[in-house]
$ cat input-v6.cif   # mmCIF, C-alpha atoms
data_entry
#
loop_
_atom_site.label_atom_id
_atom_site.label_comp_id
_atom_site.auth_asym_id
_atom_site.auth_seq_id
_atom_site.Cartn_x
_atom_site.Cartn_y
_atom_site.Cartn_z
CA MET X 238 21.15 -10.99 -4.39
CA PHE X 239 18.96 -14.07 -3.96
CA LYS X 240 16.58 -13.01 -6.74
CA SER X 241 18.81 -14.04 -9.63
CA PHE X 242 19.91 -17.17 -7.73
CA PHE X 243 16.33 -18.41 -7.46
CA GLY X 244 15.21 -16.92 -10.78
CA CYS X 245 12.89 -14.29 -9.28
CA THR X 246 11.84 -11.24 -11.27
CA ALA X 247 11.18 -9.42 -7.99
CA SER X 248 11.29 -10.06 -4.24
CA PRO X 249 8.45 -12.57 -3.69
CA PHE X 250 7.59 -11.51 -0.15
CA ASP X 251 7.87 -7.75 -0.52
CA ARG X 252 4.86 -5.59 0.33
CA SER X 253 5.34 -3.61 -2.89
CA ILE X 254 3.90 -6.47 -4.97
CA SER X 255 0.70 -5.41 -6.76
CA THR X 256 -2.47 -6.29 -4.91
CA LYS X 257 -3.66 -7.98 -8.12
CA LEU X 258 -0.87 -10.54 -7.68
CA LEU X 259 -1.21 -11.15 -3.94
CA PHE X 260 -2.49 -14.44 -2.60
CA GLN X 261 -5.96 -14.03 -1.14
CA SER X 262 -7.31 -16.53 1.36
CA GLU X 263 -11.05 -17.11 1.48
CA ALA X 264 -11.28 -14.73 4.45
CA HIS X 265 -9.29 -12.04 2.62
CA GLN X 266 -11.62 -12.30 -0.35
CA GLU X 267 -14.63 -11.91 1.94
CA LEU X 268 -13.11 -8.92 3.72
CA ILE X 269 -12.39 -7.17 0.42
CA GLY X 270 -15.90 -7.94 -0.82
CA ARG X 271 -17.47 -6.49 2.30
CA MET X 272 -15.28 -3.39 2.18
CA VAL X 273 -16.20 -2.78 -1.46
CA HIS X 274 -19.90 -3.10 -0.52
CA VAL X 275 -19.43 -0.55 2.25
CA ALA X 276 -17.56 1.85 -0.04
CA GLU X 277 -20.18 1.67 -2.78
CA ASN X 278 -23.19 2.04 -0.50
CA ARG X 279 -22.12 4.72 1.99
CA LYS X 280 -22.02 2.33 4.94
CA PHE X 281 -19.98 2.13 8.16
CA ALA X 282 -17.77 -0.95 8.66
CA LEU X 283 -15.71 -2.29 11.54
CA CYS X 284 -12.85 -4.54 10.35
CA THR X 285 -10.53 -6.18 12.85
CA GLY X 286 -7.65 -8.64 12.75
CA GLU X 287 -4.35 -9.45 14.39
CA VAL X 288 -1.38 -7.21 13.61
CA GLY X 289 0.15 -8.22 10.29
CA ALA X 290 -2.86 -10.30 9.19
CA GLY X 291 -3.42 -8.20 6.05
CA LYS X 292 -6.04 -5.57 6.91
CA SER X 293 -4.11 -2.68 5.36
CA THR X 294 -3.31 -4.77 2.29
CA ALA X 295 -7.03 -5.47 1.89
CA ALA X 296 -7.73 -1.73 2.14
CA ARG X 297 -5.16 -1.11 -0.60
CA ALA X 298 -6.83 -3.73 -2.80
CA VAL X 299 -10.21 -2.08 -2.25
CA SER X 300 -8.91 1.37 -3.18
CA GLU X 301 -7.54 -0.05 -6.44
CA GLN X 302 -10.85 -1.77 -7.28
CA LEU X 303 -13.09 1.26 -6.80
CA ASN X 304 -13.99 3.52 -9.69
CA PRO X 305 -11.91 6.69 -9.15
CA THR X 306 -14.47 8.85 -10.98
CA ARG X 307 -17.10 7.93 -8.39
CA HIS X 308 -15.06 7.19 -5.25
CA LEU X 309 -12.34 9.13 -3.47
CA VAL X 310 -10.41 7.03 -0.96
CA LEU X 311 -8.98 8.91 2.03
CA TYR X 312 -6.63 6.75 4.10
CA ILE X 313 -5.70 7.88 7.61
CA THR X 314 -3.35 6.19 10.05
CA ASP X 315 -2.15 8.01 13.15
CA SER X 316 -1.23 6.48 16.50
CA ASP X 317 -2.41 9.65 18.27
CA LEU X 318 -5.33 10.78 16.12
CA THR X 319 -7.36 13.63 17.58
CA PRO X 320 -10.50 15.19 16.07
CA ARG X 321 -8.56 18.28 15.06
CA ASN X 322 -5.81 16.23 13.38
CA PHE X 323 -8.45 14.11 11.71
CA TYR X 324 -10.23 17.09 10.14
CA TYR X 325 -6.91 18.62 9.10
CA GLU X 326 -5.74 15.39 7.45
CA VAL X 327 -9.00 14.74 5.60
CA LEU X 328 -9.16 18.31 4.34
CA HIS X 329 -5.54 18.15 3.17
CA GLN X 330 -6.28 14.96 1.24
CA LEU X 331 -9.30 16.69 -0.29
CA GLY X 332 -7.04 19.57 -1.36
CA ILE X 333 -8.76 22.05 0.95
CA PRO X 334 -6.59 24.28 3.19
CA PRO X 335 -7.96 23.66 6.70
CA ARG X 336 -8.85 26.55 8.94
CA PHE X 337 -7.10 26.84 12.28
CA TYR X 338 -9.95 26.20 14.69
CA ARG X 339 -11.40 22.72 14.94
CA GLY X 340 -15.00 23.89 14.67
CA ASP X 341 -14.22 25.79 11.47
CA ALA X 342 -12.38 22.80 10.03
CA LYS X 343 -15.33 20.56 10.87
CA ARG X 344 -17.71 22.88 9.03
CA GLN X 345 -15.35 22.89 6.05
CA LEU X 346 -15.44 19.10 5.94
CA VAL X 347 -19.21 18.94 6.25
CA LYS X 348 -19.55 21.33 3.31
CA ALA X 349 -17.04 19.35 1.26
CA LEU X 350 -18.89 16.09 1.96
CA MET X 351 -22.21 17.61 0.98
CA ASP X 352 -20.73 19.06 -2.21
CA MET X 353 -19.41 15.61 -3.14
CA HIS X 354 -22.79 14.08 -2.36
CA GLU X 355 -24.53 16.53 -4.68
CA SER X 356 -22.07 15.67 -7.47
CA ASN X 357 -22.72 11.95 -6.88
CA ARG X 358 -19.20 11.20 -5.61
CA ILE X 359 -18.56 9.05 -2.55
CA PRO X 360 -15.69 9.84 -0.17
CA VAL X 361 -14.43 6.59 1.37
CA ILE X 362 -12.64 7.32 4.65
CA ILE X 363 -10.47 4.47 5.92
CA ILE X 364 -9.16 4.91 9.47
CA ASP X 365 -6.43 2.40 10.31
CA GLU X 366 -5.05 1.56 13.76
CA GLY X 367 -8.49 2.23 15.19
CA HIS X 368 -7.68 0.36 18.41
CA LEU X 369 -5.45 3.29 19.35
CA LEU X 370 -8.21 5.88 19.09
CA GLY X 371 -9.18 7.73 22.25
CA ARG X 372 -12.72 8.34 23.45
CA GLU X 373 -12.89 11.84 21.98
CA MET X 374 -12.03 10.60 18.48
CA LEU X 375 -14.43 7.67 18.71
CA GLU X 376 -17.20 10.08 19.69
CA GLU X 377 -16.30 12.23 16.69
CA ILE X 378 -16.85 9.20 14.46
CA ARG X 379 -20.41 9.07 15.77
CA PHE X 380 -20.85 12.65 14.60
CA LEU X 381 -19.57 11.72 11.14
CA MET X 382 -22.24 9.06 10.79
CA ASN X 383 -25.06 11.31 12.07
CA PHE X 384 -25.85 13.63 9.16
CA LYS X 385 -29.25 15.33 8.82
CA MET X 386 -30.55 13.88 12.09
CA ASP X 387 -29.30 10.42 11.14
CA SER X 388 -31.38 10.36 7.93
CA PHE X 389 -28.53 9.58 5.50
CA SER X 390 -24.75 9.43 5.13
CA PRO X 391 -22.76 11.28 2.45
CA LEU X 392 -19.68 9.11 3.01
CA SER X 393 -18.44 5.58 3.50
CA LEU X 394 -16.38 4.90 6.62
CA ILE X 395 -14.17 1.88 7.30
CA LEU X 396 -12.67 1.61 10.78
CA MET X 397 -9.86 -0.93 11.04
CA GLY X 398 -7.85 -2.13 14.01
CA GLN X 399 -6.68 -4.97 16.19
CA PRO X 400 -9.20 -7.23 18.01
CA GLU X 401 -9.35 -5.02 21.10
CA LEU X 402 -11.17 -2.39 19.00
CA ARG X 403 -14.12 -4.75 18.65
CA ALA X 404 -14.12 -5.35 22.40
CA THR X 405 -13.98 -1.60 23.08
CA LEU X 406 -17.02 -0.88 20.94
CA GLN X 407 -18.96 -3.63 22.68
CA THR X 408 -18.88 -1.71 25.96
CA GLN X 409 -21.88 0.35 27.00
CA THR X 410 -19.85 3.55 26.68
CA TYR X 411 -19.74 3.19 22.92
CA GLU X 412 -23.17 1.68 22.34
CA ALA X 413 -24.25 4.66 20.22
CA ILE X 414 -21.31 4.09 17.87
CA ALA X 415 -21.69 0.30 17.78
CA GLN X 416 -25.34 0.62 16.75
CA ARG X 417 -24.30 2.60 13.68
CA VAL X 418 -21.93 -0.11 12.41
CA ASN X 419 -23.51 -1.73 9.34
CA ILE X 420 -20.84 -4.34 8.54
CA ARG X 421 -18.52 -6.21 10.93
CA PHE X 422 -15.76 -8.59 9.94
CA HIS X 423 -12.83 -10.15 11.77
CA LEU X 424 -9.94 -11.31 9.58
CA PRO X 425 -8.55 -14.62 10.91
CA ALA X 426 -5.02 -15.89 10.37
CA MET X 427 -4.36 -18.29 7.51
CA SER X 428 -4.60 -22.04 7.96
CA GLN X 429 -1.70 -24.45 7.40
CA SER X 430 -2.79 -25.15 3.82
CA GLU X 431 -3.36 -21.44 3.13
CA THR X 432 0.11 -20.60 4.44
CA ALA X 433 1.64 -23.16 2.07
CA GLY X 434 -0.48 -21.81 -0.78
CA TYR X 435 0.55 -18.24 0.10
CA VAL X 436 4.27 -19.06 -0.06
CA GLN X 437 4.00 -21.04 -3.29
CA HIS X 438 1.78 -18.42 -4.93
CA HIS X 439 4.12 -15.54 -4.14
CA LEU X 440 7.07 -17.43 -5.59
CA LYS X 441 5.11 -18.26 -8.72
CA VAL X 442 4.05 -14.66 -9.45
CA VAL X 443 7.73 -13.62 -9.53
CA GLY X 444 8.64 -16.37 -11.97
CA VAL X 445 9.59 -19.31 -9.74
CA ASP X 446 7.50 -22.26 -10.90
CA ARG X 447 9.12 -24.97 -8.80
CA ALA X 448 9.25 -26.07 -5.19
CA VAL X 449 11.63 -23.91 -3.15
CA PHE X 450 10.37 -24.83 0.34
CA THR X 451 9.86 -28.44 1.38
CA ASP X 452 6.57 -29.49 2.97
CA ASP X 453 8.30 -29.78 6.36
CA ALA X 454 9.72 -26.29 5.94
CA LEU X 455 6.27 -24.91 5.14
CA TYR X 456 4.90 -26.61 8.24
CA LEU X 457 7.51 -24.89 10.42
CA ILE X 458 6.83 -21.55 8.75
CA HIS X 459 3.16 -21.84 9.61
CA GLU X 460 3.94 -23.03 13.14
CA TYR X 461 6.07 -19.94 13.79
CA SER X 462 3.93 -17.39 11.94
CA GLY X 463 0.54 -18.65 13.05
CA GLY X 464 -0.66 -17.86 9.54
CA ILE X 465 0.07 -14.12 9.87
CA ALA X 466 1.16 -12.75 6.48
CA ARG X 467 3.77 -10.29 7.74
CA LYS X 468 5.51 -12.97 9.82
CA ILE X 469 5.45 -15.34 6.84
CA ASN X 470 7.02 -12.66 4.63
CA ASN X 471 9.81 -11.89 7.07
CA LEU X 472 10.69 -15.52 7.76
CA CYS X 473 10.56 -16.62 4.12
CA THR X 474 12.77 -13.72 3.00
CA SER X 475 15.36 -14.59 5.67
CA CYS X 476 15.25 -18.24 4.61
CA LEU X 477 15.87 -17.33 0.97
CA LEU X 478 18.81 -15.13 1.96
CA HIS X 479 20.24 -17.92 4.09
CA ALA X 480 19.79 -20.48 1.30
CA PHE X 481 21.50 -18.13 -1.16
CA ALA X 482 24.44 -17.68 1.21
CA LYS X 483 24.76 -21.48 1.47
CA SER X 484 24.22 -21.99 -2.29
CA LYS X 485 21.20 -24.19 -1.57
CA SER X 486 18.33 -24.15 -4.06
CA LEU X 487 15.90 -25.85 -1.65
CA VAL X 488 14.85 -24.64 1.80
CA ASP X 489 14.22 -27.55 4.16
CA ASN X 490 13.02 -27.69 7.77
CA ARG X 491 16.57 -27.76 9.13
CA MET X 492 17.34 -24.48 7.37
CA VAL X 493 14.14 -22.89 8.69
CA ARG X 494 15.08 -23.94 12.22
CA VAL X 495 18.54 -22.37 11.86
CA VAL X 496 17.04 -19.09 10.65
CA LEU X 497 14.45 -19.09 13.43
CA GLU X 498 17.05 -19.71 16.13
CA ASN X 499 19.52 -17.14 14.79
CA GLU X 500 17.15 -14.34 13.79
CA PHE X 501 13.71 -14.71 15.33
CA LEU X 502 13.85 -16.68 18.56
CA GLY X 503 17.14 -15.57 20.03
#
$ encode --input "input-v6.cif" --output "structure tokens"
Amino acid sequence: MFKSFFGCTASPFDRSISTKLLFQSEAHQELIGRMVHVAENRKFALCTGEVGAGKSTAARAVSEQLNPTRHLVLYITDSDLTPRNFYYEVLHQLGIPPRFYRGDAKRQLVKALMDMHESNRIPVIIIDEGHLLGREMLEEIRFLMNFKMDSFSPLSLILMGQPELRATLQTQTYEAIAQRVNIRFHLPAMSQSETAGYVQHHLKVVGVDRAVFTDDALYLIHEYSGGIARKINNLCTSCLLHAFAKSKSLVDNRMVRVVLENEFLG
């Protein structure tokens, strides 16, 4: 539809765009750098950020940067993750049929982790939506990071979630887990200039090397989105569709207001 009208080779604000082509703010670059450090050094990281800020995208970028012969990335996202489901999912991703009882599955995972350690491979477990984890699962994470009487770790663990996860781990209840966190990072929203750069960059990587959004339009996009990537993507896509329907090659602030009122603020 609008792709040929604007001369795009692909949808500019689609999440399927390669991570190598995505715009990275300074904070995104730092988050990815810290996550790579954690993955390569068998550390435990806590990464937080608002919903839609780009945490999962950063995790995808990290998995594509790591050497697959040395690292095995295991990505888990479950709104109701229990220890049993966790062990089952990790074992499935490792290609190991899990045993029925949780204790047996846990022993299977411990053996698998130790086997990988002896072969000099690093499993990188990324748990997303960590703010939804219950106490039992959070306590199980402490077990994961407590191998051989806390003398070493055979894995890297990255726990990601919304800001309330950081607040949860700051309570006395979870002090034992918080003390084991090696790296902490909170991903902030993009600034006004970064939002404008994000929009322009994503148009450029799909072949549009001209201004499509006016400066006033970009200001409104940032004002609505607060610099959150997912909100920017949704609003910009709707604006391009609206401009295509009106046969307009330039999106101005009036057009953004119309789209906001009709689709996002109604």
$ residues_around --input "input-v6.cif" --residues "X:Met353" --least-positions-apart "3" --cutoff "12 Å" --atoms "only C-alpha atoms" --output "number ranges by chain"
X: 306-309, 331, 346-350, 356-361, 390-392
$ atom_distance --input "input-v6.cif" --atom1 "atom CA of X:Val496" --atom2 "atom CA of X:Gly444"
24.3 Å
$ resolve_selection --input "input-v6.cif" --expression "the PyMOL selection byres ((chain X and resi 465-468) around 9)" --output "PyMOL selection string"
chain X and resi 250+252+287-291+425-427+432+435+458-459+461-464+469-473
$ residues_around --input "input-v6.cif" --residues "X:Gln416" --least-positions-apart "2" --cutoff "10 Å" --atoms "all atoms listed in the file" --output "list of chain:residue names"
X:Arg379, X:Leu406, X:Gln407, X:Tyr411, X:Glu412, X:Ala413, X:Ile414, X:Val418, X:Asn419
$ closest_residue --input "input-v6.cif" --among "X:His354, X:Leu477, X:Thr408, X:Asn490" --to "X:Phe384" --atoms "all atoms listed in the file"
X:His354
$ closest_residue --input "input-v6.cif" --among "X:His329, X:Arg297, X:Arg417, X:His265" --to "X:Glu376" --atoms "only C-alpha atoms"
X:Arg417
$ residues_around --input "input-v6.cif" --residues "X:Phe242" --least-positions-apart "4" --cutoff "12 Å" --atoms "only C-alpha atoms" --output "list in words"
Met238, Thr246, Ala247, Ser248, Val445, Val449, Leu477, Leu478, His479, Ala480, Phe481, Ala482, Lys483, Ser484, Lys485, Ser486 and Leu487 of chain X
$ atom_distance --input "input-v6.cif" --atom1 "atom CA of X:Val327" --atom2 "atom CA of X:Glu267"
27.5 Å
$ resolve_selection --input "input-v6.cif" --expression "the PyMOL selection byres ((chain X and resi 328) around 12)" --output "number ranges by chain"
X: 311-313, 321-327, 329-337, 339, 341-350, 360, 362
$ write_last_selection --input "input-v6.cif" --atoms "C-alpha atoms" --output "compact mmCIF listing (two decimals), keeping the file's coordinate frame"
# COMPACT_ATOMS: atom_id res chain seq x y z
CA LEU X 311 -8.98 8.91 2.03
CA TYR X 312 -6.63 6.75 4.10
CA ILE X 313 -5.70 7.88 7.61
CA ARG X 321 -8.56 18.28 15.06
CA ASN X 322 -5.81 16.23 13.38
CA PHE X 323 -8.45 14.11 11.71
CA TYR X 324 -10.23 17.09 10.14
CA TYR X 325 -6.91 18.62 9.10
CA GLU X 326 -5.74 15.39 7.45
CA VAL X 327 -9.00 14.74 5.60
CA HIS X 329 -5.54 18.15 3.17
CA GLN X 330 -6.28 14.96 1.24
CA LEU X 331 -9.30 16.69 -0.29
CA GLY X 332 -7.04 19.57 -1.36
CA ILE X 333 -8.76 22.05 0.95
CA PRO X 334 -6.59 24.28 3.19
CA PRO X 335 -7.96 23.66 6.70
CA ARG X 336 -8.85 26.55 8.94
CA PHE X 337 -7.10 26.84 12.28
CA ARG X 339 -11.40 22.72 14.94
CA ASP X 341 -14.22 25.79 11.47
CA ALA X 342 -12.38 22.80 10.03
CA LYS X 343 -15.33 20.56 10.87
CA ARG X 344 -17.71 22.88 9.03
CA GLN X 345 -15.35 22.89 6.05
CA LEU X 346 -15.44 19.10 5.94
CA VAL X 347 -19.21 18.94 6.25
CA LYS X 348 -19.55 21.33 3.31
CA ALA X 349 -17.04 19.35 1.26
CA LEU X 350 -18.89 16.09 1.96
CA PRO X 360 -15.69 9.84 -0.17
CA ILE X 362 -12.64 7.32 4.65
$ atom_distance --input "input-v6.cif" --atom1 "atom CA of X:Phe422" --atom2 "atom CA of X:His438"
25.0 Å
$ closest_residue --input "input-v6.cif" --among "X:Asp489, X:Gly367, X:Asp251, X:Ile269" --to "X:Ala448" --atoms "all atoms listed in the file"
X:Asp489
$ resolve_selection --input "input-v6.cif" --expression "the PyMOL selection byres ((chain X and resi 282) around 7)" --output "ChimeraX atom specification"
/X:275,280-281,283-284,394-396,418-421
$ write_last_selection --input "input-v6.cif" --atoms "C-alpha atoms" --output "mmCIF file, in the frame of the given file"
data_model
loop_
_atom_site.group_PDB
_atom_site.id
_atom_site.type_symbol
_atom_site.label_atom_id
_atom_site.label_comp_id
_atom_site.auth_asym_id
_atom_site.auth_seq_id
_atom_site.Cartn_x
_atom_site.Cartn_y
_atom_site.Cartn_z
ATOM 1 C CA VAL X 275 -19.430 -0.550 2.250
ATOM 2 C CA LYS X 280 -22.020 2.330 4.940
ATOM 3 C CA PHE X 281 -19.980 2.130 8.160
ATOM 4 C CA LEU X 283 -15.710 -2.290 11.540
ATOM 5 C CA CYS X 284 -12.850 -4.540 10.350
ATOM 6 C CA LEU X 394 -16.380 4.900 6.620
ATOM 7 C CA ILE X 395 -14.170 1.880 7.300
ATOM 8 C CA LEU X 396 -12.670 1.610 10.780
ATOM 9 C CA VAL X 418 -21.930 -0.110 12.410
ATOM 10 C CA ASN X 419 -23.510 -1.730 9.340
ATOM 11 C CA ILE X 420 -20.840 -4.340 8.540
ATOM 12 C CA ARG X 421 -18.520 -6.210 10.930
#
$ decode --input "input-v6.cif" --residues "stretch 306-418 of chain X" --atoms "C-alpha atoms" --output "PDB file, in the first residue's frame"
ATOM      1  CA  THR X 306      29.625 -21.771  18.824  1.00  0.00           C
ATOM      2  CA  ARG X 307      30.316 -20.482  22.336  1.00  0.00           C
ATOM      3  CA  HIS X 308      26.943 -19.125  23.479  1.00  0.00           C
ATOM      4  CA  LEU X 309      23.470 -20.627  23.480  1.00  0.00           C
ATOM      5  CA  VAL X 310      20.730 -18.056  24.028  1.00  0.00           C
ATOM      6  CA  LEU X 311      17.567 -19.321  25.751  1.00  0.00           C
ATOM      7  CA  TYR X 312      14.761 -16.752  25.692  1.00  0.00           C
ATOM      8  CA  ILE X 313      11.803 -17.208  28.033  1.00  0.00           C
ATOM      9  CA  THR X 314       8.719 -15.037  28.325  1.00  0.00           C
ATOM     10  CA  ASP X 315       5.689 -16.229  30.266  1.00  0.00           C
ATOM     11  CA  SER X 316       3.181 -14.095  32.155  1.00  0.00           C
ATOM     12  CA  ASP X 317       2.660 -16.926  34.654  1.00  0.00           C
ATOM     13  CA  LEU X 318       6.105 -18.512  34.871  1.00  0.00           C
ATOM     14  CA  THR X 319       6.487 -21.109  37.604  1.00  0.00           C
ATOM     15  CA  PRO X 320       9.663 -23.006  38.511  1.00  0.00           C
ATOM     16  CA  ARG X 321       8.301 -26.169  36.932  1.00  0.00           C
ATOM     17  CA  ASN X 322       7.377 -24.372  33.692  1.00  0.00           C
ATOM     18  CA  PHE X 323      10.750 -22.677  33.709  1.00  0.00           C
ATOM     19  CA  TYR X 324      12.693 -25.944  33.918  1.00  0.00           C
ATOM     20  CA  TYR X 325      10.460 -27.533  31.286  1.00  0.00           C
ATOM     21  CA  GLU X 326      10.931 -24.623  28.873  1.00  0.00           C
ATOM     22  CA  VAL X 327      14.708 -24.410  29.301  1.00  0.00           C
ATOM     23  CA  LEU X 328      15.104 -28.156  28.860  1.00  0.00           C
ATOM     24  CA  HIS X 329      12.932 -28.094  25.731  1.00  0.00           C
ATOM     25  CA  GLN X 330      15.087 -25.330  24.263  1.00  0.00           C
ATOM     26  CA  LEU X 331      18.166 -27.401  25.095  1.00  0.00           C
ATOM     27  CA  GLY X 332      16.613 -30.352  23.249  1.00  0.00           C
ATOM     28  CA  ILE X 333      16.290 -32.427  26.421  1.00  0.00           C
ATOM     29  CA  PRO X 334      12.945 -34.152  27.148  1.00  0.00           C
ATOM     30  CA  PRO X 335      12.053 -32.948  30.666  1.00  0.00           C
ATOM     31  CA  ARG X 336      11.053 -35.410  33.336  1.00  0.00           C
ATOM     32  CA  PHE X 337       7.652 -35.051  34.937  1.00  0.00           C
ATOM     33  CA  TYR X 338       8.581 -34.073  38.475  1.00  0.00           C
ATOM     34  CA  ARG X 339      10.047 -30.641  39.111  1.00  0.00           C
ATOM     35  CA  GLY X 340      12.920 -31.956  41.224  1.00  0.00           C
ATOM     36  CA  ASP X 341      13.938 -34.375  38.470  1.00  0.00           C
ATOM     37  CA  ALA X 342      13.721 -31.636  35.846  1.00  0.00           C
ATOM     38  CA  LYS X 343      15.870 -29.370  38.009  1.00  0.00           C
ATOM     39  CA  ARG X 344      18.538 -32.060  38.291  1.00  0.00           C
ATOM     40  CA  GLN X 345      18.417 -32.532  34.522  1.00  0.00           C
ATOM     41  CA  LEU X 346      19.053 -28.829  34.013  1.00  0.00           C
ATOM     42  CA  VAL X 347      21.898 -28.733  36.518  1.00  0.00           C
ATOM     43  CA  LYS X 348      23.586 -31.625  34.709  1.00  0.00           C
ATOM     44  CA  ALA X 349      23.056 -29.970  31.328  1.00  0.00           C
ATOM     45  CA  LEU X 350      24.552 -26.693  32.588  1.00  0.00           C
ATOM     46  CA  MET X 351      27.572 -28.462  34.014  1.00  0.00           C
ATOM     47  CA  ASP X 352      28.085 -30.421  30.790  1.00  0.00           C
ATOM     48  CA  MET X 353      28.039 -27.159  28.827  1.00  0.00           C
ATOM     49  CA  HIS X 354      30.476 -25.608  31.293  1.00  0.00           C
ATOM     50  CA  GLU X 355      32.906 -28.491  30.827  1.00  0.00           C
ATOM     51  CA  SER X 356      32.706 -28.077  27.036  1.00  0.00           C
ATOM     52  CA  ASN X 357      33.367 -24.334  27.425  1.00  0.00           C
ATOM     53  CA  ARG X 358      29.918 -23.262  26.202  1.00  0.00           C
ATOM     54  CA  ILE X 359      27.886 -20.580  27.948  1.00  0.00           C
ATOM     55  CA  PRO X 360      24.091 -20.835  28.196  1.00  0.00           C
ATOM     56  CA  VAL X 361      22.609 -17.329  28.228  1.00  0.00           C
ATOM     57  CA  ILE X 362      19.152 -17.400  29.822  1.00  0.00           C
ATOM     58  CA  ILE X 363      17.054 -14.301  29.157  1.00  0.00           C
ATOM     59  CA  ILE X 364      13.854 -14.056  31.209  1.00  0.00           C
ATOM     60  CA  ASP X 365      11.516 -11.349  29.906  1.00  0.00           C
ATOM     61  CA  GLU X 366       8.496  -9.860  31.684  1.00  0.00           C
ATOM     62  CA  GLY X 367      10.303 -10.365  34.976  1.00  0.00           C
ATOM     63  CA  HIS X 368       8.008  -7.920  36.784  1.00  0.00           C
ATOM     64  CA  LEU X 369       5.283 -10.570  36.543  1.00  0.00           C
ATOM     65  CA  LEU X 370       7.300 -13.249  38.333  1.00  0.00           C
ATOM     66  CA  GLY X 371       5.961 -14.526  41.640  1.00  0.00           C
ATOM     67  CA  ARG X 372       7.984 -15.015  44.796  1.00  0.00           C
ATOM     68  CA  GLU X 373       8.529 -18.720  44.185  1.00  0.00           C
ATOM     69  CA  MET X 374      10.065 -18.114  40.755  1.00  0.00           C
ATOM     70  CA  LEU X 375      12.229 -15.264  42.016  1.00  0.00           C
ATOM     71  CA  GLU X 376      13.547 -17.535  44.759  1.00  0.00           C
ATOM     72  CA  GLU X 377      14.306 -20.163  42.129  1.00  0.00           C
ATOM     73  CA  ILE X 378      16.468 -17.603  40.329  1.00  0.00           C
ATOM     74  CA  ARG X 379      18.547 -17.350  43.493  1.00  0.00           C
ATOM     75  CA  PHE X 380      19.109 -21.094  43.285  1.00  0.00           C
ATOM     76  CA  LEU X 381      20.255 -20.764  39.669  1.00  0.00           C
ATOM     77  CA  MET X 382      22.944 -18.289  40.679  1.00  0.00           C
ATOM     78  CA  ASN X 383      24.131 -20.357  43.666  1.00  0.00           C
ATOM     79  CA  PHE X 384      26.177 -23.191  42.148  1.00  0.00           C
ATOM     80  CA  LYS X 385      28.855 -25.025  44.148  1.00  0.00           C
ATOM     81  CA  MET X 386      28.155 -23.047  47.326  1.00  0.00           C
ATOM     82  CA  ASP X 387      28.178 -19.777  45.382  1.00  0.00           C
ATOM     83  CA  SER X 388      31.739 -20.357  44.111  1.00  0.00           C
ATOM     84  CA  PHE X 389      31.008 -19.945  40.377  1.00  0.00           C
ATOM     85  CA  SER X 390      28.237 -19.755  37.781  1.00  0.00           C
ATOM     86  CA  PRO X 391      27.986 -21.992  34.701  1.00  0.00           C
ATOM     87  CA  LEU X 392      25.492 -19.664  33.011  1.00  0.00           C
ATOM     88  CA  SER X 393      24.675 -16.070  32.206  1.00  0.00           C
ATOM     89  CA  LEU X 394      21.286 -14.780  33.330  1.00  0.00           C
ATOM     90  CA  ILE X 395      19.528 -11.614  32.149  1.00  0.00           C
ATOM     91  CA  LEU X 396      16.314 -10.682  33.947  1.00  0.00           C
ATOM     92  CA  MET X 397      14.260  -8.046  32.134  1.00  0.00           C
ATOM     93  CA  GLY X 398      11.065  -6.273  33.112  1.00  0.00           C
ATOM     94  CA  GLN X 399       9.225  -3.054  33.757  1.00  0.00           C
ATOM     95  CA  PRO X 400      10.461  -0.575  36.437  1.00  0.00           C
ATOM     96  CA  GLU X 401       8.466  -2.203  39.233  1.00  0.00           C
ATOM     97  CA  LEU X 402      10.805  -5.222  39.008  1.00  0.00           C
ATOM     98  CA  ARG X 403      13.670  -3.052  40.220  1.00  0.00           C
ATOM     99  CA  ALA X 404      11.535  -1.790  43.094  1.00  0.00           C
ATOM    100  CA  THR X 405      10.530  -5.347  44.021  1.00  0.00           C
ATOM    101  CA  LEU X 406      14.115  -6.532  44.258  1.00  0.00           C
ATOM    102  CA  GLN X 407      15.003  -3.570  46.456  1.00  0.00           C
ATOM    103  CA  THR X 408      12.748  -4.869  49.228  1.00  0.00           C
ATOM    104  CA  GLN X 409      14.253  -6.797  52.120  1.00  0.00           C
ATOM    105  CA  THR X 410      12.396  -9.939  51.048  1.00  0.00           C
ATOM    106  CA  TYR X 411      14.572 -10.258  47.968  1.00  0.00           C
ATOM    107  CA  GLU X 412      17.849  -8.983  49.396  1.00  0.00           C
ATOM    108  CA  ALA X 413      19.562 -12.326  48.757  1.00  0.00           C
ATOM    109  CA  ILE X 414      18.678 -12.104  45.061  1.00  0.00           C
ATOM    110  CA  ALA X 415      19.541  -8.400  44.739  1.00  0.00           C
ATOM    111  CA  GLN X 416      23.018  -9.013  46.174  1.00  0.00           C
ATOM    112  CA  ARG X 417      23.741 -11.477  43.379  1.00  0.00           C
ATOM    113  CA  VAL X 418      22.956  -8.979  40.604  1.00  0.00           C
TER     114      VAL X 418
END
